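*Asks:* Structure: structure19.cif, mmCIF, C-alpha atoms.
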```cif
data_data
loop_
_atom_site.label_atom_id
_atom_site.label_comp_id
_atom_site.auth_asym_id
_atom_site.auth_seq_id
_atom_site.Cartn_x
_atom_site.Cartn_y
_atom_site.Cartn_z
CA MET A 1 -2.38 -18.25 45.20
CA ASP A 2 -1.07 -15.20 43.36
CA LEU A 3 -2.16 -14.76 39.78
CA GLU A 4 1.30 -14.70 38.20
CA ARG A 5 2.20 -18.06 39.74
CA GLN A 6 -1.16 -19.50 38.67
CA LEU A 7 -0.54 -18.35 35.13
CA ARG A 8 2.96 -19.86 35.04
CA GLU A 9 1.65 -23.18 36.37
CA ASN A 10 -1.34 -23.35 34.06
CA LEU A 11 0.34 -22.11 30.91
CA ALA A 12 2.28 -25.31 30.56
CA ALA A 13 3.62 -26.15 27.11
CA ARG A 14 1.33 -28.60 25.31
CA GLU A 15 2.31 -31.14 22.69
CA PRO A 16 0.54 -31.33 19.33
CA ASP A 17 -0.88 -34.69 18.18
CA ALA A 18 1.58 -37.54 17.83
CA ASP A 19 1.51 -37.43 14.03
CA PHE A 20 2.21 -33.68 13.83
CA GLU A 21 5.90 -34.13 13.11
CA ALA A 22 5.21 -36.71 10.40
CA ARG A 23 2.61 -34.46 8.78
CA VAL A 24 5.00 -31.48 8.66
CA MET A 25 7.77 -33.63 7.18
CA ALA A 26 5.36 -35.11 4.61
CA GLU A 27 4.16 -31.66 3.56
CA LEU A 28 7.77 -30.48 3.34
CA ALA A 29 8.65 -33.46 1.12
CA ARG A 30 5.60 -32.79 -1.06
CA ARG A 31 6.63 -29.15 -1.51
CA ARG A 32 10.24 -30.08 -2.26
CA THR A 33 9.13 -32.39 -5.07
CA ALA A 34 6.58 -29.86 -6.34
CA ALA A 35 9.10 -27.00 -6.36
CA PRO A 36 11.35 -28.26 -9.22
CA ARG A 37 8.27 -28.83 -11.38
CA ARG A 38 7.20 -25.27 -10.68
CA GLN A 39 10.71 -24.02 -11.48
CA HIS A 40 10.61 -26.04 -14.72
CA LYS A 41 7.30 -24.44 -15.63
CA TRP A 42 8.71 -21.01 -14.87
CA ARG A 43 11.75 -21.71 -17.02
CA TRP A 44 9.50 -22.60 -19.96
CA THR A 45 7.36 -19.52 -19.41
CA ALA A 46 10.46 -17.30 -19.27
CA ALA A 47 11.88 -18.89 -22.44
CA LEU A 48 8.59 -18.37 -24.28
CA ALA A 49 8.35 -14.77 -23.10
CA ALA A 50 11.96 -14.11 -24.19
CA SER A 51 11.28 -15.66 -27.61
CA ALA A 52 8.12 -13.60 -28.08
CA LEU A 53 10.00 -10.45 -27.10
CA ALA A 54 12.85 -11.24 -29.51
CA ALA A 55 10.37 -11.94 -32.33
CA ALA A 56 8.47 -8.70 -31.66
CA THR A 57 11.72 -6.70 -31.57
CA GLY A 58 12.89 -8.35 -34.83
CA LEU A 59 9.62 -7.62 -36.58
CA GLN A 60 9.68 -4.02 -35.46
CA TRP A 61 13.30 -3.63 -36.62
CA TYR A 62 12.36 -5.20 -40.01
CA ALA A 63 9.37 -2.82 -40.38
CA VAL A 64 11.58 0.21 -39.64
CA GLN A 65 14.17 -1.00 -42.17
CA GLN A 66 11.44 -1.47 -44.80
CA ARG A 67 10.06 2.02 -44.15
CA GLU A 68 13.54 3.54 -44.45
CA ALA A 69 14.23 1.63 -47.71
CA ARG A 70 10.91 2.81 -49.17
CA ALA A 71 11.65 6.41 -48.18
CA HIS A 72 15.12 6.12 -49.75
CA GLN A 73 13.64 4.77 -53.01
CA GLN A 74 11.03 7.55 -53.07
CA MET A 75 13.71 10.17 -52.50
CA LEU A 76 15.85 8.75 -55.36
CA LEU A 77 12.79 8.72 -57.64
CA ALA A 78 11.97 12.33 -56.69
CA MET A 79 15.56 13.38 -57.43
CA GLN A 80 15.49 11.56 -60.79
CA ILE A 81 12.21 13.29 -61.73
CA THR A 82 13.55 16.67 -60.63
CA SER A 83 16.76 16.08 -62.54
CA PHE A 84 14.80 15.04 -65.64
CA GLU A 85 12.55 18.13 -65.40
CA LEU A 86 15.55 20.41 -64.95
CA ASN A 87 17.25 18.85 -67.98
CA GLN A 88 14.07 19.38 -70.02
CA LEU A 89 13.88 22.99 -68.90
CA GLN A 90 17.53 23.60 -69.68
CA GLN A 91 17.15 22.06 -73.14
CA ARG A 92 14.09 24.24 -73.83
CA LEU A 93 15.98 27.36 -72.68
CA THR A 94 18.97 26.46 -74.85
CA ARG A 95 16.66 25.91 -77.85
CA ASN A 96 14.94 29.28 -77.29
CA GLU A 97 18.26 31.07 -77.02
CA GLN A 98 19.47 29.49 -80.29
CA GLN A 99 16.22 30.47 -82.08
CA GLU A 100 16.51 34.08 -80.82
CA GLN A 101 20.06 34.28 -82.15
CA MET B 1 6.61 -24.67 35.23
CA ALA B 2 6.16 -25.91 31.70
CA GLY B 3 4.34 -29.20 31.43
CA VAL B 4 6.34 -30.30 28.44
CA ALA B 5 9.95 -29.31 28.57
CA ALA B 6 11.29 -28.25 25.21
CA ALA B 7 13.56 -31.02 23.91
CA GLU B 8 17.04 -29.97 22.92
CA ALA B 9 18.03 -30.28 19.30
CA GLY B 10 21.25 -32.23 18.82
CA PRO B 11 24.53 -30.32 18.54
CA GLY B 12 24.93 -28.81 15.11
CA SER B 13 21.32 -29.52 14.14
CA LEU B 14 20.80 -25.98 12.95
CA GLU B 15 24.00 -26.03 10.91
CA ARG B 16 23.08 -29.37 9.31
CA ALA B 17 19.47 -28.31 8.70
CA ARG B 18 20.75 -25.20 6.92
CA GLY B 19 22.74 -27.52 4.69
CA GLY B 20 19.55 -29.34 3.66
CA ASP B 21 19.69 -32.26 6.13
CA LEU B 22 16.04 -33.22 6.71
CA GLN B 23 16.84 -35.33 9.76
CA ALA B 24 18.41 -32.28 11.38
CA PHE B 25 15.34 -30.22 10.51
CA ARG B 26 13.21 -32.93 12.15
CA GLU B 27 15.32 -32.50 15.33
CA LEU B 28 14.66 -28.75 15.30
CA LEU B 29 10.97 -29.41 14.77
CA ARG B 30 10.90 -31.85 17.69
CA ALA B 31 12.73 -29.38 19.94
CA HIS B 32 10.42 -26.45 19.27
CA ARG B 33 7.03 -27.94 18.32
CA ALA B 34 5.53 -27.70 21.84
CA ARG B 35 6.55 -24.06 22.18
CA VAL B 36 5.03 -23.04 18.85
CA PHE B 37 1.94 -25.24 19.16
CA SER B 38 1.16 -24.04 22.72
CA ILE B 39 1.14 -20.40 21.72
CA ALA B 40 -1.06 -21.16 18.70
CA LEU B 41 -3.40 -23.28 20.84
CA ARG B 42 -3.86 -20.54 23.41
CA PHE B 43 -4.60 -18.05 20.69
CA THR B 44 -6.98 -20.09 18.58
CA GLY B 45 -8.46 -22.27 21.34
CA ARG B 46 -8.67 -25.20 18.92
CA ARG B 47 -6.14 -27.98 18.45
CA ALA B 48 -6.83 -28.39 14.72
CA ASP B 49 -6.36 -24.66 14.03
CA ALA B 50 -3.29 -24.54 16.26
CA GLU B 51 -1.69 -27.51 14.47
CA GLU B 52 -2.39 -25.95 11.07
CA LEU B 53 -0.84 -22.67 12.20
CA ALA B 54 2.18 -24.40 13.77
CA GLN B 55 2.68 -26.43 10.58
CA ASP B 56 2.70 -23.24 8.50
CA VAL B 57 5.30 -21.73 10.82
CA PHE B 58 7.63 -24.75 10.53
CA LEU B 59 7.23 -24.91 6.75
CA LYS B 60 8.12 -21.23 6.57
CA LEU B 61 11.07 -21.88 8.88
CA HIS B 62 12.45 -24.42 6.41
CA GLY B 63 12.56 -21.75 3.70
CA THR B 64 14.10 -19.23 6.11
CA LEU B 65 16.84 -21.49 7.54
CA PRO B 66 19.69 -19.94 5.49
CA ARG B 67 19.04 -16.64 7.29
CA ILE B 68 18.89 -18.14 10.80
CA GLU B 69 22.20 -17.46 12.49
CA SER B 70 22.00 -19.22 15.87
CA GLU B 71 19.80 -21.22 18.23
CA ALA B 72 18.81 -17.99 20.00
CA HIS B 73 17.91 -16.42 16.67
CA LEU B 74 15.87 -19.53 15.80
CA LYS B 75 13.85 -19.32 19.03
CA HIS B 76 13.32 -15.58 18.56
CA TRP B 77 12.22 -16.14 14.92
CA LEU B 78 9.78 -18.90 15.87
CA LEU B 79 8.19 -16.89 18.69
CA ARG B 80 7.93 -13.79 16.54
CA THR B 81 6.46 -15.64 13.58
CA VAL B 82 3.91 -17.65 15.53
CA SER B 83 2.87 -14.62 17.60
CA HIS B 84 2.35 -12.42 14.56
CA ARG B 85 0.48 -15.15 12.69
CA CYS B 86 -1.78 -15.70 15.70
CA ILE B 87 -2.45 -11.97 16.09
CA ASP B 88 -3.25 -11.67 12.37
CA ARG B 89 -5.51 -14.74 12.51
CA LEU B 90 -7.35 -13.40 15.54
CA ARG B 91 -7.88 -9.98 13.96
CA HIS B 92 -9.09 -11.62 10.75
CA ASP B 93 -11.44 -13.97 12.63
CA SER B 94 -12.83 -11.14 14.75
CA ARG B 95 -14.01 -9.44 11.56
CA GLN B 96 -15.80 -12.63 10.50
CA PRO B 97 -18.23 -13.92 13.12
CA GLN B 98 -18.12 -17.69 13.37
CA LEU B 99 -19.49 -20.48 15.53
CA VAL B 100 -17.02 -22.11 17.91
CA PRO B 101 -17.86 -25.64 19.00
CA ILE B 102 -18.55 -25.71 22.73
CA GLU B 103 -15.95 -28.46 23.33
CA ALA B 104 -13.26 -26.27 21.75
CA LEU B 105 -13.70 -23.44 24.25
CA ALA B 106 -11.67 -25.08 27.01
CA GLU B 107 -9.05 -26.75 24.80
CA GLY B 108 -6.53 -23.95 24.96
CA MET B 109 -6.00 -23.88 28.67
CA GLU B 110 -7.03 -27.12 30.31
CA PRO B 111 -3.96 -29.05 31.31
CA ASP B 112 -3.62 -32.66 30.19
CA VAL B 113 -5.54 -35.00 32.47
CA HIS B 114 -2.37 -36.80 33.52
CA GLU B 115 -0.59 -33.61 34.53
CA ALA B 116 -0.35 -33.45 38.29
CA GLY B 117 -0.44 -30.31 40.39
CA HIS B 118 -2.87 -28.33 38.26
CA ASP B 119 -6.36 -27.23 39.10
CA PRO B 120 -8.38 -27.89 35.92
CA LEU B 121 -11.08 -25.41 36.95
CA ALA B 122 -8.57 -22.65 37.59
CA GLY B 123 -6.87 -23.48 34.30
CA ALA B 124 -10.12 -23.26 32.34
CA ARG B 125 -11.01 -19.98 34.07
CA LEU B 126 -7.63 -18.42 33.29
CA GLY B 127 -7.89 -19.66 29.71
CA ARG B 128 -11.26 -18.02 29.31
CA LEU B 129 -9.94 -14.73 30.68
CA LEU B 130 -6.85 -14.86 28.47
CA ARG B 131 -9.03 -15.37 25.41
CA GLU B 132 -10.93 -12.20 26.30
CA LEU B 133 -7.76 -10.11 26.07
CA ALA B 134 -6.99 -8.15 22.91
CA PRO B 135 -4.58 -9.97 20.54
CA ASP B 136 -1.50 -7.88 21.41
CA ALA B 137 -2.11 -8.14 25.14
CA ARG B 138 -2.69 -11.90 24.86
CA ALA B 139 0.61 -12.34 22.99
CA VAL B 140 2.43 -10.37 25.68
CA MET B 141 0.89 -12.50 28.46
CA LEU B 142 1.73 -15.78 26.72
CA LEU B 143 5.32 -14.81 26.04
CA ARG B 144 5.71 -13.66 29.64
CA PHE B 145 4.06 -16.55 31.48
CA GLN B 146 4.42 -19.47 29.05
CA GLU B 147 7.83 -18.68 27.61
CA ASP B 148 9.13 -16.79 30.66
CA LEU B 149 10.54 -13.96 28.53
CA ASP B 150 11.29 -10.65 30.20
CA PRO B 151 9.67 -7.42 28.91
CA THR B 152 12.74 -6.47 26.86
CA GLU B 153 12.72 -9.83 25.07
CA ILE B 154 8.95 -9.63 24.51
CA ALA B 155 9.37 -6.14 23.04
CA GLY B 156 11.96 -7.54 20.62
CA VAL B 157 9.75 -10.45 19.58
CA LEU B 158 6.57 -8.43 19.08
CA GLY B 159 8.18 -5.24 17.77
CA MET B 160 6.77 -3.08 20.58
CA SER B 161 8.39 -0.67 22.98
CA VAL B 162 9.31 -2.04 26.41
CA ASN B 163 6.92 0.47 27.99
CA THR B 164 4.04 -0.83 25.87
CA VAL B 165 4.85 -4.40 26.95
CA LYS B 166 4.95 -3.38 30.62
CA SER B 167 1.70 -1.50 30.22
CA HIS B 168 0.00 -4.53 28.60
CA LEU B 169 1.24 -6.77 31.41
CA ARG B 170 0.10 -4.45 34.18
CA ARG B 171 -3.30 -3.77 32.68
CA SER B 172 -3.98 -7.39 31.75
CA LEU B 173 -3.02 -8.66 35.21
CA ASP B 174 -5.11 -5.96 36.93
CA TRP B 175 -8.07 -6.80 34.72
CA MET B 176 -7.74 -10.55 35.33
CA ARG B 177 -7.43 -10.03 39.07
CA ALA B 178 -10.58 -7.90 39.05
CA GLN B 179 -12.46 -10.50 37.03
CA LEU B 180 -11.36 -13.34 39.32
CA ALA B 181 -12.25 -11.32 42.41
CA GLY B 182 -15.69 -10.62 40.93
CA GLU B 183 -16.24 -14.32 40.20
CA ASN B 184 -15.16 -15.30 43.71
CA HIS B 185 -17.54 -12.78 45.25
CA GLY B 186 -20.32 -13.93 42.97
CA SER B 187 -19.93 -17.63 43.86
#
```
Transcribe the structure of this file into structure tokens.

*Replies:*
Amino acid sequence: MDLERQLRENLAAREPDADFEARVMAELARRRTAAPRRQHKWRWTAALAASALAAATGLQWYAVQQREARAHQQMLLAMQITSFELNQLQQRLTRNEQQEQ
Amino acid sequence: MAGVAAAEAGPGSLERARGGDLQAFRELLRAHRARVFSIALRFTGRRADAEELAQDVFLKLHGTLPRIESEAHLKHWLLRTVSHRCIDRLRHDSRQPQLVPIEALAEGMEPDVHEAGHDPLAGARLGRLLRELAPDARAVMLLRFQEDLDPTEIAGVLGMSVNTVKSHLRRSLDWMRAQLAGENHGS
């Protein structure tokens, strides 16, 4: 008999065990019930991650604001000191001029 | 030709299964289980492994159903998925030497006892020779002689050129003929 015919005759389709179909359907059902729980868990994880990110961003924004406020205060103080020193100098110069006259 | 004719899924089964109807999915499973299981069995040589592989394929199919457009597409998807999984499994197993129980060696090819018109010895011999072929060549042979696909269809399923498919077929058949001739001379 020629080989190709032998192969066609002997490579007949074979059935899996009788409970194969039931096992696949059971596994499918198990996964379908497990999936929403997984999605739920993912939702919680995503919410936590978003909250953590928002908190970190807020803290960073607050720290930047604080730094800017401190710098502003320091600049005002420096200007006040400079202004005070200049006033002192001007008063001294005015006094000297009056004494010379 | 095929010992177990593939059952037909009811009309609209695919459409209903895509809509989430589990009964319709069961009809698809029933219609295609022999096709998928047989390929896996002839690759792995063990019923338990073949059933596990076939189960994985059907579970994956359920997640892929929204992308399946027609019955022809479904058959093509199943053959492609089971073939690639079998080839991957075989390549993985070949890197990890393992003991195969002696009773499992003939499982892949021996026809069922009640099947008439088959020579069990010839079947076992062909099964042994098929299992000696490289994974790609074995997939080509199974799709050609179990599923009766032509070289163009096999090329589409396995993602090969038609010339490669023809070359696998020619070389595998020549090699098997030579082996069988050698055995006949030897006996």

*Asks:* Written as an MDAnalysis selection string, which residues does the PyMOL selection byres ((chain A) within 10 of (chain B)) give for the file shown?

*Replies:* chainID A and resid 2:17 20:25 27:29 31

*Asks:* Take CA of Asp21 (chain B) and CA of Pro66 (chain B) and report the distance between them in Å, one decimal.

*Replies:*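 The value is 12.3 Å.
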
*Asks:* Could you jot down the CA of Glu15 (chain B) to CA of His73 (chain B) separation for me, Å, one decimal place?

*Replies:*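 The value is 12.8 Å.
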
*Asks:* Counting only C-alpha atoms, figure out which residue out of B:Phe43, B:Gln179, B:Asp49, B:Ser83 gets nearest to Ala155 (chain B).

*Replies:*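 So, comparing all the options, the nearest one is B:Ser83.
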
*Asks:* What is the CA of Leu78 (chain B)-CA of Trp175 (chain B) distance in Å, reported with one decimal?

*Replies:*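 Result for CA of Leu78 (chain B) versus CA of Trp175 (chain B): 28.6 Å, one decimal.
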
*Asks:* Restricted to N, CA and C atoms, what does region 139-177 of chain B look like when written out as a PDB file, in the first residue's frame?

*Replies:*
```pdb
ATOM      1  N   ALA B 139       4.647  18.729  12.059  1.00  0.00           N
ATOM      2  CA  ALA B 139       3.423  19.548  11.953  1.00  0.00           C
ATOM      3  C   ALA B 139       2.915  19.549  10.512  1.00  0.00           C
ATOM      4  N   VAL B 140       3.838  19.682   9.574  1.00  0.00           N
ATOM      5  CA  VAL B 140       3.444  19.685   8.156  1.00  0.00           C
ATOM      6  C   VAL B 140       2.774  18.358   7.792  1.00  0.00           C
ATOM      7  N   MET B 141       3.366  17.255   8.223  1.00  0.00           N
ATOM      8  CA  MET B 141       2.817  15.928   7.896  1.00  0.00           C
ATOM      9  C   MET B 141       1.424  15.731   8.510  1.00  0.00           C
ATOM     10  N   LEU B 142       1.255  16.177   9.750  1.00  0.00           N
ATOM     11  CA  LEU B 142      -0.046  15.998  10.408  1.00  0.00           C
ATOM     12  C   LEU B 142      -1.128  16.841   9.743  1.00  0.00           C
ATOM     13  N   LEU B 143      -0.766  18.071   9.397  1.00  0.00           N
ATOM     14  CA  LEU B 143      -1.771  18.927   8.757  1.00  0.00           C
ATOM     15  C   LEU B 143      -2.124  18.401   7.366  1.00  0.00           C
ATOM     16  N   ARG B 144      -1.143  17.784   6.707  1.00  0.00           N
ATOM     17  CA  ARG B 144      -1.402  17.253   5.366  1.00  0.00           C
ATOM     18  C   ARG B 144      -2.232  15.962   5.418  1.00  0.00           C
ATOM     19  N   PHE B 145      -1.836  15.034   6.289  1.00  0.00           N
ATOM     20  CA  PHE B 145      -2.465  13.705   6.222  1.00  0.00           C
ATOM     21  C   PHE B 145      -3.550  13.483   7.272  1.00  0.00           C
ATOM     22  N   GLN B 146      -3.570  14.270   8.337  1.00  0.00           N
ATOM     23  CA  GLN B 146      -4.688  14.148   9.284  1.00  0.00           C
ATOM     24  C   GLN B 146      -5.801  15.124   8.906  1.00  0.00           C
ATOM     25  N   GLU B 147      -5.385  16.369   8.636  1.00  0.00           N
ATOM     26  CA  GLU B 147      -6.384  17.407   8.364  1.00  0.00           C
ATOM     27  C   GLU B 147      -6.675  17.593   6.880  1.00  0.00           C
ATOM     28  N   ASP B 148      -5.866  16.913   6.034  1.00  0.00           N
ATOM     29  CA  ASP B 148      -6.076  16.969   4.586  1.00  0.00           C
ATOM     30  C   ASP B 148      -5.975  18.390   4.027  1.00  0.00           C
ATOM     31  N   LEU B 149      -5.095  19.198   4.602  1.00  0.00           N
ATOM     32  CA  LEU B 149      -4.883  20.554   4.082  1.00  0.00           C
ATOM     33  C   LEU B 149      -3.912  20.488   2.907  1.00  0.00           C
ATOM     34  N   ASP B 150      -4.066  21.409   1.970  1.00  0.00           N
ATOM     35  CA  ASP B 150      -3.097  21.430   0.868  1.00  0.00           C
ATOM     36  C   ASP B 150      -1.896  22.304   1.285  1.00  0.00           C
ATOM     37  N   PRO B 151      -0.784  22.222   0.543  1.00  0.00           N
ATOM     38  CA  PRO B 151       0.433  22.942   0.962  1.00  0.00           C
ATOM     39  C   PRO B 151       0.228  24.443   1.192  1.00  0.00           C
ATOM     40  N   THR B 152      -0.649  25.059   0.391  1.00  0.00           N
ATOM     41  CA  THR B 152      -0.883  26.501   0.571  1.00  0.00           C
ATOM     42  C   THR B 152      -1.541  26.767   1.923  1.00  0.00           C
ATOM     43  N   GLU B 153      -2.523  25.921   2.257  1.00  0.00           N
ATOM     44  CA  GLU B 153      -3.210  26.098   3.552  1.00  0.00           C
ATOM     45  C   GLU B 153      -2.245  25.826   4.710  1.00  0.00           C
ATOM     46  N   ILE B 154      -1.413  24.797   4.559  1.00  0.00           N
ATOM     47  CA  ILE B 154      -0.437  24.467   5.620  1.00  0.00           C
ATOM     48  C   ILE B 154       0.527  25.638   5.809  1.00  0.00           C
ATOM     49  N   ALA B 155       0.951  26.221   4.691  1.00  0.00           N
ATOM     50  CA  ALA B 155       1.877  27.367   4.766  1.00  0.00           C
ATOM     51  C   ALA B 155       1.234  28.508   5.552  1.00  0.00           C
ATOM     52  N   GLY B 156      -0.070  28.729   5.321  1.00  0.00           N
ATOM     53  CA  GLY B 156      -0.785  29.783   6.037  1.00  0.00           C
ATOM     54  C   GLY B 156      -0.880  29.492   7.523  1.00  0.00           C
ATOM     55  N   VAL B 157      -1.158  28.242   7.854  1.00  0.00           N
ATOM     56  CA  VAL B 157      -1.314  27.864   9.269  1.00  0.00           C
ATOM     57  C   VAL B 157       0.018  27.963  10.012  1.00  0.00           C
ATOM     58  N   LEU B 158       1.085  27.472   9.386  1.00  0.00           N
ATOM     59  CA  LEU B 158       2.360  27.401  10.106  1.00  0.00           C
ATOM     60  C   LEU B 158       3.256  28.622   9.876  1.00  0.00           C
ATOM     61  N   GLY B 159       2.821  29.514   9.005  1.00  0.00           N
ATOM     62  CA  GLY B 159       3.633  30.706   8.738  1.00  0.00           C
ATOM     63  C   GLY B 159       4.933  30.375   8.018  1.00  0.00           C
ATOM     64  N   MET B 160       4.838  29.444   7.070  1.00  0.00           N
ATOM     65  CA  MET B 160       6.017  29.056   6.267  1.00  0.00           C
ATOM     66  C   MET B 160       5.726  29.398   4.802  1.00  0.00           C
ATOM     67  N   SER B 161       6.771  29.333   3.985  1.00  0.00           N
ATOM     68  CA  SER B 161       6.514  29.489   2.548  1.00  0.00           C
ATOM     69  C   SER B 161       5.988  28.156   2.005  1.00  0.00           C
ATOM     70  N   VAL B 162       5.263  28.242   0.894  1.00  0.00           N
ATOM     71  CA  VAL B 162       4.705  27.020   0.290  1.00  0.00           C
ATOM     72  C   VAL B 162       5.844  26.084  -0.120  1.00  0.00           C
ATOM     73  N   ASN B 163       6.941  26.656  -0.598  1.00  0.00           N
ATOM     74  CA  ASN B 163       8.077  25.818  -1.003  1.00  0.00           C
ATOM     75  C   ASN B 163       8.664  25.055   0.176  1.00  0.00           C
ATOM     76  N   THR B 164       8.713  25.709   1.345  1.00  0.00           N
ATOM     77  CA  THR B 164       9.231  25.023   2.535  1.00  0.00           C
ATOM     78  C   THR B 164       8.314  23.857   2.904  1.00  0.00           C
ATOM     79  N   VAL B 165       7.010  24.100   2.822  1.00  0.00           N
ATOM     80  CA  VAL B 165       6.041  23.034   3.140  1.00  0.00           C
ATOM     81  C   VAL B 165       6.246  21.854   2.186  1.00  0.00           C
ATOM     82  N   LYS B 166       6.337  22.166   0.893  1.00  0.00           N
ATOM     83  CA  LYS B 166       6.509  21.088  -0.105  1.00  0.00           C
ATOM     84  C   LYS B 166       7.806  20.332   0.144  1.00  0.00           C
ATOM     85  N   SER B 167       8.829  21.076   0.516  1.00  0.00           N
ATOM     86  CA  SER B 167      10.127  20.450   0.772  1.00  0.00           C
ATOM     87  C   SER B 167      10.049  19.521   1.998  1.00  0.00           C
ATOM     88  N   HIS B 168       9.377  19.994   3.064  1.00  0.00           N
ATOM     89  CA  HIS B 168       9.192  19.148   4.249  1.00  0.00           C
ATOM     90  C   HIS B 168       8.448  17.868   3.883  1.00  0.00           C
ATOM     91  N   LEU B 169       7.380  18.032   3.094  1.00  0.00           N
ATOM     92  CA  LEU B 169       6.564  16.861   2.730  1.00  0.00           C
ATOM     93  C   LEU B 169       7.393  15.852   1.947  1.00  0.00           C
ATOM     94  N   ARG B 170       8.105  16.351   0.943  1.00  0.00           N
ATOM     95  CA  ARG B 170       8.879  15.465   0.072  1.00  0.00           C
ATOM     96  C   ARG B 170       9.963  14.730   0.871  1.00  0.00           C
ATOM     97  N   ARG B 171      10.688  15.522   1.681  1.00  0.00           N
ATOM     98  CA  ARG B 171      11.793  14.910   2.416  1.00  0.00           C
ATOM     99  C   ARG B 171      11.303  13.945   3.486  1.00  0.00           C
ATOM    100  N   SER B 172      10.210  14.301   4.165  1.00  0.00           N
ATOM    101  CA  SER B 172       9.681  13.425   5.211  1.00  0.00           C
ATOM    102  C   SER B 172       9.172  12.111   4.608  1.00  0.00           C
ATOM    103  N   LEU B 173       8.454  12.225   3.482  1.00  0.00           N
ATOM    104  CA  LEU B 173       7.924  11.005   2.855  1.00  0.00           C
ATOM    105  C   LEU B 173       9.068  10.128   2.334  1.00  0.00           C
ATOM    106  N   ASP B 174      10.062  10.745   1.725  1.00  0.00           N
ATOM    107  CA  ASP B 174      11.217   9.966   1.229  1.00  0.00           C
ATOM    108  C   ASP B 174      11.905   9.247   2.392  1.00  0.00           C
ATOM    109  N   TRP B 175      12.078   9.991   3.486  1.00  0.00           N
ATOM    110  CA  TRP B 175      12.771   9.415   4.643  1.00  0.00           C
ATOM    111  C   TRP B 175      11.960   8.255   5.233  1.00  0.00           C
ATOM    112  N   MET B 176      10.641   8.455   5.342  1.00  0.00           N
ATOM    113  CA  MET B 176       9.795   7.392   5.904  1.00  0.00           C
ATOM    114  C   MET B 176       9.789   6.155   5.001  1.00  0.00           C
ATOM    115  N   ARG B 177       9.719   6.398   3.698  1.00  0.00           N
ATOM    116  CA  ARG B 177       9.754   5.272   2.760  1.00  0.00           C
ATOM    117  C   ARG B 177      11.053   4.484   2.926  1.00  0.00           C
TER     118      ARG B 177
END
```
